[in-house]
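This is my_file.txt. It holds compact mmCIF, C-alpha atoms and all ligand atoms.
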```
# COMPACT_ATOMS: atom_id res chain seq x y z
CA MET A 1389 -10.58 3.56 18.59
CA LEU A 1390 -13.68 2.33 20.43
CA ARG A 1391 -12.88 4.72 23.23
CA ASN A 1392 -16.45 5.58 24.17
CA VAL A 1393 -17.77 2.03 24.74
CA LYS A 1394 -19.39 1.83 28.16
CA THR A 1395 -21.39 -1.41 28.05
CA TYR A 1396 -20.87 -4.85 26.58
CA HIS A 1397 -23.90 -7.18 26.47
CA LYS A 1398 -24.17 -10.88 25.62
CA PRO A 1399 -27.95 -11.37 25.42
CA LEU A 1400 -29.47 -14.85 25.48
CA THR A 1401 -32.42 -14.17 23.19
CA ILE A 1402 -32.87 -12.53 19.82
CA GLU A 1403 -35.60 -10.29 21.24
CA ASP A 1404 -33.25 -9.02 23.96
CA ALA A 1405 -30.49 -8.39 21.42
CA VAL A 1406 -32.80 -6.34 19.19
CA GLY A 1407 -34.23 -4.51 22.20
CA LEU A 1408 -30.76 -3.51 23.40
CA VAL A 1409 -29.76 -2.13 20.00
CA HIS A 1410 -33.10 -0.37 19.54
CA SER A 1411 -32.87 1.32 22.93
CA ASN A 1412 -29.63 3.20 22.20
CA ARG A 1413 -28.73 5.01 18.97
CA ASN A 1414 -25.06 4.30 19.68
CA ALA A 1415 -25.45 0.54 20.14
CA VAL A 1416 -24.44 -2.07 17.55
CA TYR A 1417 -24.65 -5.82 17.06
CA VAL A 1418 -21.26 -7.53 17.17
CA GLY A 1419 -20.76 -10.57 14.95
CA GLY A 1420 -17.07 -11.41 14.69
CA GLY A 1421 -16.22 -7.77 15.45
CA ALA A 1422 -13.64 -7.55 12.64
CA TRP A 1423 -15.30 -4.63 10.91
CA ILE A 1424 -16.38 -2.86 14.09
CA VAL A 1425 -12.89 -2.93 15.57
CA ALA A 1426 -11.29 -1.88 12.25
CA GLN A 1427 -13.71 1.07 11.94
CA GLY A 1428 -13.19 2.12 15.57
CA ASP A 1429 -16.22 4.41 15.60
CA PRO A 1430 -15.67 6.74 18.59
CA GLN A 1431 -19.45 7.31 18.92
CA LEU A 1432 -20.20 3.69 19.86
CA GLU A 1433 -21.35 3.27 23.46
CA VAL A 1434 -22.96 -0.17 23.60
CA LEU A 1435 -21.81 -3.44 22.03
CA VAL A 1436 -24.35 -6.26 21.73
CA ASP A 1437 -22.43 -9.48 21.19
CA LEU A 1438 -24.46 -12.15 19.37
CA GLN A 1439 -22.38 -15.15 20.48
CA LYS A 1440 -24.94 -16.58 22.92
CA LEU A 1441 -27.87 -16.65 20.49
CA ALA A 1442 -27.03 -20.07 19.00
CA LEU A 1443 -26.86 -18.52 15.54
CA ASP A 1444 -23.62 -20.26 14.62
CA ARG A 1445 -25.29 -23.50 13.57
CA ILE A 1446 -25.33 -25.14 10.16
CA ASP A 1447 -28.22 -27.57 9.75
CA GLY A 1448 -28.35 -29.80 6.72
CA GLU A 1449 -31.88 -30.81 5.82
CA ILE A 1450 -33.14 -32.98 2.96
CA GLU A 1451 -34.21 -30.05 0.81
CA ALA A 1452 -32.04 -27.24 2.10
CA VAL A 1453 -29.24 -26.16 4.33
CA ARG A 1454 -29.74 -23.57 7.06
CA ILE A 1455 -26.79 -21.39 7.98
CA GLY A 1456 -26.92 -19.19 11.08
CA ALA A 1457 -25.80 -15.57 10.83
CA MET A 1458 -22.97 -16.17 13.32
CA THR A 1459 -21.38 -18.90 11.21
CA THR A 1460 -17.83 -17.85 10.36
CA LEU A 1461 -16.72 -17.53 6.74
CA GLN A 1462 -14.13 -20.25 7.29
CA ALA A 1463 -16.84 -22.63 8.58
CA LEU A 1464 -18.59 -22.26 5.21
CA ILE A 1465 -15.46 -23.69 3.61
CA ASP A 1466 -14.69 -26.38 6.20
CA HIS A 1467 -18.22 -27.71 6.75
CA SER A 1468 -18.68 -31.09 5.04
CA ASP A 1469 -22.11 -30.19 3.63
CA VAL A 1470 -21.76 -26.46 2.84
CA GLY A 1471 -18.20 -26.92 1.57
CA THR A 1472 -19.47 -29.13 -1.26
CA PHE A 1473 -22.97 -27.64 -1.56
CA ALA A 1474 -23.94 -26.46 -5.08
CA ALA A 1475 -20.65 -27.83 -6.40
CA GLY A 1476 -18.74 -25.87 -3.79
CA LEU A 1477 -20.07 -22.46 -4.88
CA LEU A 1478 -20.44 -21.01 -1.38
CA ALA A 1479 -17.08 -22.33 -0.27
CA ALA A 1480 -15.41 -20.90 -3.37
CA ALA A 1481 -17.03 -17.52 -2.81
CA ALA A 1482 -16.18 -17.49 0.91
CA GLY A 1483 -12.55 -18.21 -0.04
CA PHE A 1484 -12.42 -14.89 -1.90
CA THR A 1485 -13.93 -12.81 0.90
CA GLN A 1486 -10.95 -12.34 3.18
CA SER A 1487 -7.62 -13.66 4.39
CA ARG A 1488 -7.80 -16.86 6.45
CA THR A 1489 -7.39 -14.93 9.72
CA LEU A 1490 -10.35 -12.67 8.96
CA ARG A 1491 -12.44 -15.61 7.72
CA GLU A 1492 -12.01 -17.27 11.13
CA GLN A 1493 -13.40 -14.12 12.75
CA GLY A 1494 -15.87 -12.65 10.26
CA THR A 1495 -19.41 -14.01 10.31
CA LEU A 1496 -21.99 -14.52 7.59
CA GLY A 1497 -24.25 -11.82 9.09
CA GLY A 1498 -21.54 -9.20 9.54
CA THR A 1499 -20.18 -9.86 6.07
CA LEU A 1500 -23.58 -9.49 4.38
CA ILE A 1501 -24.21 -6.24 6.26
CA VAL A 1502 -20.95 -4.57 5.21
CA ALA A 1503 -20.60 -6.31 1.83
CA GLY A 1504 -19.22 -4.07 -0.89
CA SER A 1505 -19.97 -3.89 -4.60
CA ALA A 1506 -17.99 -7.02 -5.50
CA ASP A 1507 -18.75 -9.11 -2.43
CA PRO A 1508 -18.21 -12.73 -3.57
CA LEU A 1509 -20.61 -14.30 -1.07
CA THR A 1510 -23.49 -11.97 -1.92
CA THR A 1511 -22.86 -12.57 -5.63
CA ALA A 1512 -22.90 -16.36 -5.19
CA LEU A 1513 -26.00 -16.38 -2.97
CA LEU A 1514 -27.89 -14.36 -5.61
CA VAL A 1515 -27.90 -17.30 -8.05
CA LEU A 1516 -29.16 -19.89 -5.56
CA ASP A 1517 -32.64 -20.24 -4.02
CA VAL A 1518 -31.99 -18.37 -0.80
CA GLU A 1519 -34.19 -16.91 1.90
CA ILE A 1520 -32.82 -14.69 4.61
CA GLY A 1521 -34.17 -14.40 8.13
CA TYR A 1522 -34.16 -11.23 10.20
CA ALA A 1523 -35.78 -9.94 13.38
CA ASP A 1524 -36.86 -6.40 14.22
CA PRO A 1525 -37.78 -8.02 16.77
CA VAL A 1526 -40.64 -9.73 14.90
CA ARG A 1527 -39.20 -12.60 12.84
CA HIS A 1528 -39.32 -12.16 9.06
CA ILE A 1529 -38.18 -14.20 6.08
CA ALA A 1530 -37.38 -12.50 2.76
CA PRO A 1531 -35.99 -13.57 -0.61
CA PHE A 1532 -32.26 -12.92 -0.66
CA GLU A 1533 -32.62 -10.72 -3.73
CA SER A 1534 -34.91 -8.33 -1.85
CA PHE A 1535 -32.43 -8.19 0.99
CA VAL A 1536 -29.67 -7.13 -1.42
CA ALA A 1537 -31.87 -4.50 -3.07
CA TYR A 1538 -33.21 -3.06 0.21
CA ARG A 1539 -30.29 -3.73 2.52
CA ASP A 1540 -29.83 -0.06 3.47
CA ARG A 1541 -33.45 0.14 4.62
CA LEU A 1542 -33.00 -2.98 6.72
CA ILE A 1543 -29.83 -1.53 8.27
CA GLU A 1544 -31.73 1.69 9.07
CA THR A 1545 -34.38 -0.28 10.95
CA ARG A 1546 -31.53 -1.95 12.87
CA ALA A 1547 -32.86 -5.43 12.25
CA LEU A 1548 -30.85 -8.45 13.33
CA LEU A 1549 -29.96 -10.98 10.63
CA THR A 1550 -30.59 -14.47 11.94
CA GLY A 1551 -29.46 -16.65 9.03
CA ILE A 1552 -30.15 -18.00 5.58
CA ARG A 1553 -31.87 -21.06 4.11
CA VAL A 1554 -30.40 -22.29 0.83
CA ALA A 1555 -32.40 -24.84 -1.17
CA ARG A 1556 -30.43 -27.81 -2.49
CA PRO A 1557 -30.00 -27.50 -6.25
CA PRO A 1558 -31.45 -30.32 -8.40
CA THR A 1559 -29.11 -33.10 -9.56
CA ARG A 1560 -28.86 -31.91 -13.16
CA SER A 1561 -27.56 -28.51 -12.25
CA ALA A 1562 -24.15 -26.93 -11.93
CA THR A 1563 -22.59 -23.69 -10.75
CA ALA A 1564 -19.50 -21.69 -11.60
CA PHE A 1565 -17.71 -18.77 -10.00
CA GLU A 1566 -15.30 -16.56 -11.94
CA VAL A 1567 -13.20 -13.79 -10.50
CA VAL A 1568 -10.71 -11.17 -11.58
CA GLY A 1569 -8.60 -9.40 -8.97
CA ARG A 1570 -5.20 -7.80 -8.66
CA SER A 1571 -3.75 -11.19 -7.70
CA PRO A 1572 -5.31 -14.69 -7.76
CA LYS A 1573 -6.44 -14.58 -4.12
CA ASP A 1574 -7.09 -10.86 -3.74
CA LYS A 1575 -10.65 -9.64 -3.25
CA PRO A 1576 -12.43 -9.47 -6.61
CA ILE A 1577 -12.56 -6.38 -8.79
CA VAL A 1578 -15.32 -8.13 -10.73
CA CYS A 1579 -16.85 -11.54 -10.01
CA VAL A 1580 -19.59 -13.56 -11.67
CA ALA A 1581 -21.60 -16.53 -10.38
CA ALA A 1582 -23.66 -18.75 -12.67
CA TYR A 1583 -26.17 -21.50 -12.05
CA VAL A 1584 -27.63 -23.69 -14.80
CA VAL A 1585 -30.27 -26.44 -14.58
CA VAL A 1586 -30.53 -28.79 -17.56
CA ASP A 1587 -33.53 -30.85 -18.60
CA GLU A 1588 -33.78 -32.85 -21.82
CA GLY A 1589 -30.56 -31.33 -23.09
CA LEU A 1590 -31.62 -27.69 -22.66
CA PRO A 1591 -31.06 -25.08 -19.95
CA VAL A 1592 -34.42 -24.74 -18.20
CA GLU A 1593 -33.08 -22.39 -15.53
CA ILE A 1594 -30.17 -19.98 -15.81
CA ARG A 1595 -29.13 -17.47 -13.20
CA VAL A 1596 -26.18 -15.16 -13.48
CA ALA A 1597 -25.05 -12.52 -10.98
CA ALA A 1598 -22.21 -10.02 -11.23
CA GLY A 1599 -20.36 -8.13 -8.51
CA GLY A 1600 -18.12 -5.09 -8.97
CA ILE A 1601 -20.25 -3.34 -11.58
CA VAL A 1602 -22.63 -1.17 -9.56
CA ASP A 1603 -22.80 -0.51 -5.83
CA HIS A 1604 -24.10 -3.99 -5.03
CA PRO A 1605 -24.03 -7.39 -6.82
CA VAL A 1606 -26.82 -7.71 -9.41
CA ARG A 1607 -28.58 -10.47 -11.35
CA LEU A 1608 -28.24 -10.24 -15.16
CA LEU A 1609 -31.90 -10.92 -15.74
CA LYS A 1610 -32.15 -9.96 -19.41
CA MET A 1611 -29.34 -12.31 -20.26
CA GLU A 1612 -30.93 -15.13 -18.27
CA HIS A 1613 -34.22 -14.61 -20.05
CA LEU A 1614 -32.65 -14.65 -23.51
CA LEU A 1615 -30.65 -17.82 -22.88
CA LYS A 1616 -33.30 -19.95 -21.20
CA GLY A 1617 -34.27 -22.92 -23.38
CA GLN A 1618 -31.49 -22.24 -25.94
CA LEU A 1619 -28.56 -24.49 -26.79
CA LEU A 1620 -25.70 -22.46 -25.37
CA THR A 1621 -22.60 -21.41 -27.23
CA ALA A 1622 -20.01 -18.82 -26.23
CA GLU A 1623 -21.22 -16.50 -29.02
CA ARG A 1624 -24.84 -16.79 -27.96
CA VAL A 1625 -23.96 -16.10 -24.32
CA GLU A 1626 -22.02 -12.96 -25.26
CA ALA A 1627 -24.80 -11.73 -27.52
CA ALA A 1628 -27.37 -12.26 -24.76
CA LEU A 1629 -25.28 -10.22 -22.36
CA ALA A 1630 -25.34 -7.10 -24.54
CA PRO A 1631 -28.77 -5.77 -23.41
CA ASN A 1632 -27.70 -6.06 -19.78
CA LEU A 1633 -24.38 -4.32 -20.36
CA GLU A 1634 -26.11 -1.42 -22.12
CA GLU A 1635 -28.19 -0.57 -19.07
CA LEU A 1636 -25.44 -0.91 -16.47
CA ASN A 1637 -23.66 2.22 -15.34
CA PRO A 1638 -20.43 0.77 -13.94
CA ILE A 1639 -18.45 2.23 -11.08
CA SER A 1640 -14.91 3.35 -11.78
CA ASP A 1641 -12.06 3.54 -9.29
CA TYR A 1642 -8.33 2.93 -8.87
CA ARG A 1643 -8.92 -0.82 -9.06
CA GLY A 1644 -10.69 -0.75 -12.39
CA SER A 1645 -12.20 1.73 -14.82
CA ALA A 1646 -15.83 1.44 -15.93
CA GLU A 1647 -14.68 0.13 -19.33
CA TYR A 1648 -12.45 -2.49 -17.75
CA ARG A 1649 -15.25 -3.69 -15.47
CA LEU A 1650 -17.67 -4.02 -18.38
CA GLU A 1651 -15.13 -5.96 -20.40
CA MET A 1652 -14.42 -8.25 -17.44
CA VAL A 1653 -18.08 -8.98 -16.76
CA ARG A 1654 -18.43 -9.94 -20.41
CA VAL A 1655 -15.50 -12.38 -20.23
CA LEU A 1656 -16.36 -13.80 -16.81
CA ALA A 1657 -20.07 -14.22 -17.55
CA ARG A 1658 -19.31 -16.11 -20.74
CA ARG A 1659 -16.84 -18.38 -18.92
CA ALA A 1660 -19.11 -18.97 -15.94
CA VAL A 1661 -22.24 -19.75 -17.94
CA MET A 1662 -20.40 -22.04 -20.35
CA HIS A 1663 -18.69 -23.86 -17.50
CA ALA A 1664 -21.93 -24.39 -15.54
CA TRP A 1665 -23.77 -25.41 -18.71
CA ASN A 1666 -21.14 -27.99 -19.71
CA GLU A 1667 -20.98 -29.40 -16.18
CA ALA A 1668 -24.76 -29.67 -15.87
CA ARG A 1669 -25.02 -31.43 -19.23
CA ARG A 1670 -22.47 -34.03 -18.17
CA LYS A 1671 -24.60 -35.14 -15.19
C1 LIG B 1701 -8.53 -5.54 7.65
C2 LIG B 1701 -9.91 -5.73 7.10
C3 LIG B 1701 -10.07 -5.77 5.72
C4 LIG B 1701 -11.36 -5.93 5.18
N1 LIG B 1701 -11.49 -5.96 3.83
C5 LIG B 1701 -12.72 -6.07 3.30
C6 LIG B 1701 -12.90 -6.09 1.91
O1 LIG B 1701 -11.95 -6.01 1.18
N2 LIG B 1701 -14.16 -6.21 1.39
C7 LIG B 1701 -15.23 -6.30 2.21
O2 LIG B 1701 -16.37 -6.39 1.71
N3 LIG B 1701 -15.09 -6.30 3.53
C8 LIG B 1701 -13.87 -6.18 4.09
N4 LIG B 1701 -13.71 -6.17 5.44
C9 LIG B 1701 -14.92 -6.33 6.18
C10 LIG B 1701 -15.13 -7.76 6.47
O3 LIG B 1701 -15.93 -8.36 5.47
C11 LIG B 1701 -15.76 -7.80 7.76
O4 LIG B 1701 -14.84 -7.29 8.70
C12 LIG B 1701 -16.20 -9.13 8.29
O5 LIG B 1701 -16.36 -10.15 7.32
C13 LIG B 1701 -17.51 -8.81 8.88
O6 LIG B 1701 -17.86 -9.83 9.71
P1 LIG B 1701 -17.92 -9.62 11.28
O7 LIG B 1701 -18.74 -10.75 11.75
O8 LIG B 1701 -16.58 -9.48 11.89
O9 LIG B 1701 -18.72 -8.25 11.39
P2 LIG B 1701 -18.78 -7.23 12.59
O10 LIG B 1701 -17.55 -6.40 12.62
O11 LIG B 1701 -19.15 -7.94 13.83
O12 LIG B 1701 -20.02 -6.36 12.11
C14 LIG B 1701 -20.03 -5.66 10.89
C15 LIG B 1701 -21.35 -4.86 10.81
O13 LIG B 1701 -22.44 -5.76 10.70
C16 LIG B 1701 -23.31 -5.62 11.79
N5 LIG B 1701 -23.73 -6.98 12.14
C17 LIG B 1701 -22.95 -8.03 12.48
N6 LIG B 1701 -23.69 -9.15 12.59
C18 LIG B 1701 -24.97 -8.78 12.35
C19 LIG B 1701 -26.20 -9.49 12.32
N7 LIG B 1701 -26.28 -10.80 12.55
N8 LIG B 1701 -27.33 -8.80 12.02
C20 LIG B 1701 -27.28 -7.48 11.75
N9 LIG B 1701 -26.14 -6.75 11.77
C21 LIG B 1701 -25.00 -7.40 12.05
C22 LIG B 1701 -22.53 -4.93 12.89
O14 LIG B 1701 -23.36 -4.20 13.75
C23 LIG B 1701 -21.62 -4.04 12.06
O15 LIG B 1701 -22.33 -2.91 11.64
C24 LIG B 1701 -12.47 -6.04 6.03
C25 LIG B 1701 -12.28 -6.01 7.41
C26 LIG B 1701 -11.02 -5.86 7.94
C27 LIG B 1701 -10.86 -5.84 9.43
```
Turn the structure described in the file into structure tokens.
Ligand SMILES: Cc1cc2nc3c(=O)[nH]c(=O)nc-3n(C[C@H](O)[C@H](O)[C@H](O)COP(=O)(O)OP(=O)(O)OC[C@H]3O[C@@H](n4cnc5c(N)ncnc54)[C@H](O)[C@@H]3O)c2cc1C
Amino acid sequence: MLRNVKTYHKPLTIEDAVGLVHSNRNAVYVGGGAWIVAQGDPQLEVLVDLQKLALDRIDGEIEAVRIGAMTTLQALIDHSDVGTFAAGLLAAAAGFTQSRTLREQGTLGGTLIVAGSADPLTTALLVLDVEIGYADPVRHIAPFESFVAYRDRLIETRALLTGIRVARPPTRSATAFEVVGRSPKDKPIVCVAAYVVVDEGLPVEIRVAAGGIVDHPVRLLKMEHLLKGQLLTAERVEAALAPNLEELNPISDYRGSAEYRLEMVRVLARRAVMHAWNEARRK
């Protein structure tokens, strides 16, 4: 229960929002509020609602799309540009984040802040060219990968996420998103996103990210490196994954043992890379 909340602010500027959170240890930003209300932290005294900061915009530009941190997860699916962007990768990932009710409430910013090990959206964003904006209150832009690696530090500094910029993939590229969960629409136990760019019949860029293996989604960089420039076959993809699998120390819980997770990442990575590769070649 949020029984200790004394003040509720709706600041009009990003600087004011950051200032309000920085001035009280027991203040938090409120995106959609889904997580905050579910947690019911009795220590919270001040809520800083981000609704008036105009961060719920999606702006399609020629080379990129900008998505504000207050954009809801459902808007990522329904928006005509983002919904089909990168062959629908973001929309597909958003569809696995929550139930429809929570997707209408949960925002991009709040979701990225509380994202767990197998967060579909974080996994999908890792394979695209993404920059993330935050304010502390000075405005910064960082590669999305750094944000994922150093998210805890950013949370400690109580920075405000403002949004992301996702570059439009080239024409001869394709994406794929593969998931295993307890049921087809349940949150993933393991998920894999792949992105392949083809030029002159060969993959000139390959990115693969996996969620549900360690405490946050990770890129499979060794695999990417080994496959770049090679004609891809299922056997080659599996062989290239081996060095990555050897260095991962998977989590294990009631939803999946470490062995199961490793086996699933092997299957899903092979499927995702082969699917993206075949789609990109067809273009
Ligand atoms: C019933 C239920 C089930 C859930 N199941 C899952 C699950 O299975 N897996 C999972 O990963 N998540 C789960 N969640 C969490 C869910 O992803 C979040 O509730 C929701 O997507 C977060 O979005 P929000 O905008 O509502 O965040 P909020 O509740 O508003 O905020 C979440 C956190 O992010 C901070 N925050 C919000 N916006 C910003 C911003 N722009 N900049 C900086 N900090 C910000 C807040 O201060 C807070 O600490 C569940 C939540 C509920 C209520």
### Message
Could you tell me how far atom CA of A:Gly1419 sits from atom N7 of ligand LIG 1701 (chain B), in Å to one decimal place?
### Response
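For atom N7 of ligand LIG 1701 (chain B) relative to atom CA of A:Gly1419, the distance reads 6.0 Å.
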### Query
Once you count all atoms listed in the file, which residues end up within 7 Å of ligand LIG 1701 (chain B), and could you hand them over as number ranges by chain?
A: 1416-1426, 1457-1458, 1485-1486, 1490-1491, 1493-1499, 1501-1504, 1507, 1547-1550, 1575
### Task
To one decimal in Å, tell me the separation between atom CA of A:Asp1469 and atom CA of A:Leu1656.
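Those two atoms sit 26.8 Å apart.
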### Task
To one decimal in Å, tell me the separation between atom CA of A:Ile1543 and atom CA of A:Asp1524.
10.4 Å
### Message
Taking 4 positions as the minimum chain separation for residues in the same chain, which residues sit within 10 Å of A:Asp1447 when counting only C-alpha atoms? Answer as a PyMOL selection string.
### Response
chain A and resi 1452-1456+1469-1470+1553
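Using only C-alpha atoms for every distance, the candidate list A:Gln1462, A:Asp1404, A:Leu1390, A:Arg1556 yields A:Gln1462 as the residue closest to A:Thr1489.
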So that each row is one residue of stretch 1467-1578 of chain A with an atom at most 9 Å from stretch 1600-1604 of chain A, can you give its shortest atom pair and the distance in Å to one decimal, using all atoms listed in the file, rows by chain and rising number, as JSON lines?
```
{"residue": "A:Ala1503", "atom": "CA", "partner": "A:His1604", "partner_atom": "CA", "distance": 8.0}
{"residue": "A:Gly1504", "atom": "CA", "partner": "A:His1604", "partner_atom": "CA", "distance": 6.4}
{"residue": "A:Ser1505", "atom": "CA", "partner": "A:His1604", "partner_atom": "CA", "distance": 4.2}
{"residue": "A:Ala1506", "atom": "CA", "partner": "A:Gly1600", "partner_atom": "CA", "distance": 4.0}
{"residue": "A:Asp1507", "atom": "CA", "partner": "A:Gly1600", "partner_atom": "CA", "distance": 7.7}
{"residue": "A:Thr1510", "atom": "CA", "partner": "A:His1604", "partner_atom": "CA", "distance": 8.6}
{"residue": "A:Thr1511", "atom": "CA", "partner": "A:His1604", "partner_atom": "CA", "distance": 8.7}
{"residue": "A:Val1536", "atom": "CA", "partner": "A:His1604", "partner_atom": "CA", "distance": 7.3}
{"residue": "A:Ala1537", "atom": "CA", "partner": "A:His1604", "partner_atom": "CA", "distance": 8.0}
{"residue": "A:Pro1576", "atom": "CA", "partner": "A:Gly1600", "partner_atom": "CA", "distance": 7.6}
{"residue": "A:Ile1577", "atom": "CA", "partner": "A:Gly1600", "partner_atom": "CA", "distance": 5.7}
{"residue": "A:Val1578", "atom": "CA", "partner": "A:Gly1600", "partner_atom": "CA", "distance": 4.5}
```
Residues at most 8 Å from stretch 1622-1634 of chain A, counting all atoms listed in the file, excluding those fewer than 3 positions away in the same chain, as a JSON list (two decimals) with C-alpha atoms, keeping the file's coordinate frame?
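Once written, part_1.json looks like this:
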```
[["chain", "number", "residue", "atom", "x", "y", "z"],
["A", 1608, "LEU", "CA", -28.24, -10.24, -15.16],
["A", 1609, "LEU", "CA", -31.90, -10.92, -15.74],
["A", 1610, "LYS", "CA", -32.15, -9.96, -19.41],
["A", 1611, "MET", "CA", -29.34, -12.31, -20.26],
["A", 1612, "GLU", "CA", -30.93, -15.13, -18.27],
["A", 1614, "LEU", "CA", -32.65, -14.65, -23.51],
["A", 1615, "LEU", "CA", -30.65, -17.82, -22.88],
["A", 1650, "LEU", "CA", -17.67, -4.02, -18.38],
["A", 1654, "ARG", "CA", -18.43, -9.94, -20.41],
["A", 1658, "ARG", "CA", -19.31, -16.11, -20.74],
["A", 1659, "ARG", "CA", -16.84, -18.38, -18.92],
["A", 1661, "VAL", "CA", -22.24, -19.75, -17.94],
["A", 1662, "MET", "CA", -20.40, -22.04, -20.35]]
```
### Task
May I have the residues within 12 Å of A:Asp1587 as an MDAnalysis selection string, using only C-alpha atoms and disregarding those fewer than 3 positions away in the same chain?
chainID A and resid 1558:1561 1584 1590:1594 1616:1619 1665 1668:1671
### Message
Is it possible to get the residues within 7 Å of (-6.8, -16.1, -1.8) (coordinates as in the file, counting only C-alpha atoms) written as a ChimeraX atom specification?
### Response
/A:1483-1484,1487,1572-1574
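When only C-alpha atoms are used to measure the gap to A:Glu1667, the shortest distance among A:Val1526, A:Ala1562, A:Val1515, A:Ala1598 belongs to A:Ala1562.
Ranking A:Val1436, A:Leu1477, A:Ala1463, A:Ile1446 by their shortest atom-to-atom distance to A:Ile1552, with only C-alpha atoms included, puts A:Ile1446 first.
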#### Entry: Who sits within 10 Å of A:Gly1476, all atoms listed in the file, same chain under 2 positions skipped, as a PyMOL selection string
chain A and resi 1464-1465+1469-1474+1478-1482+1562-1565
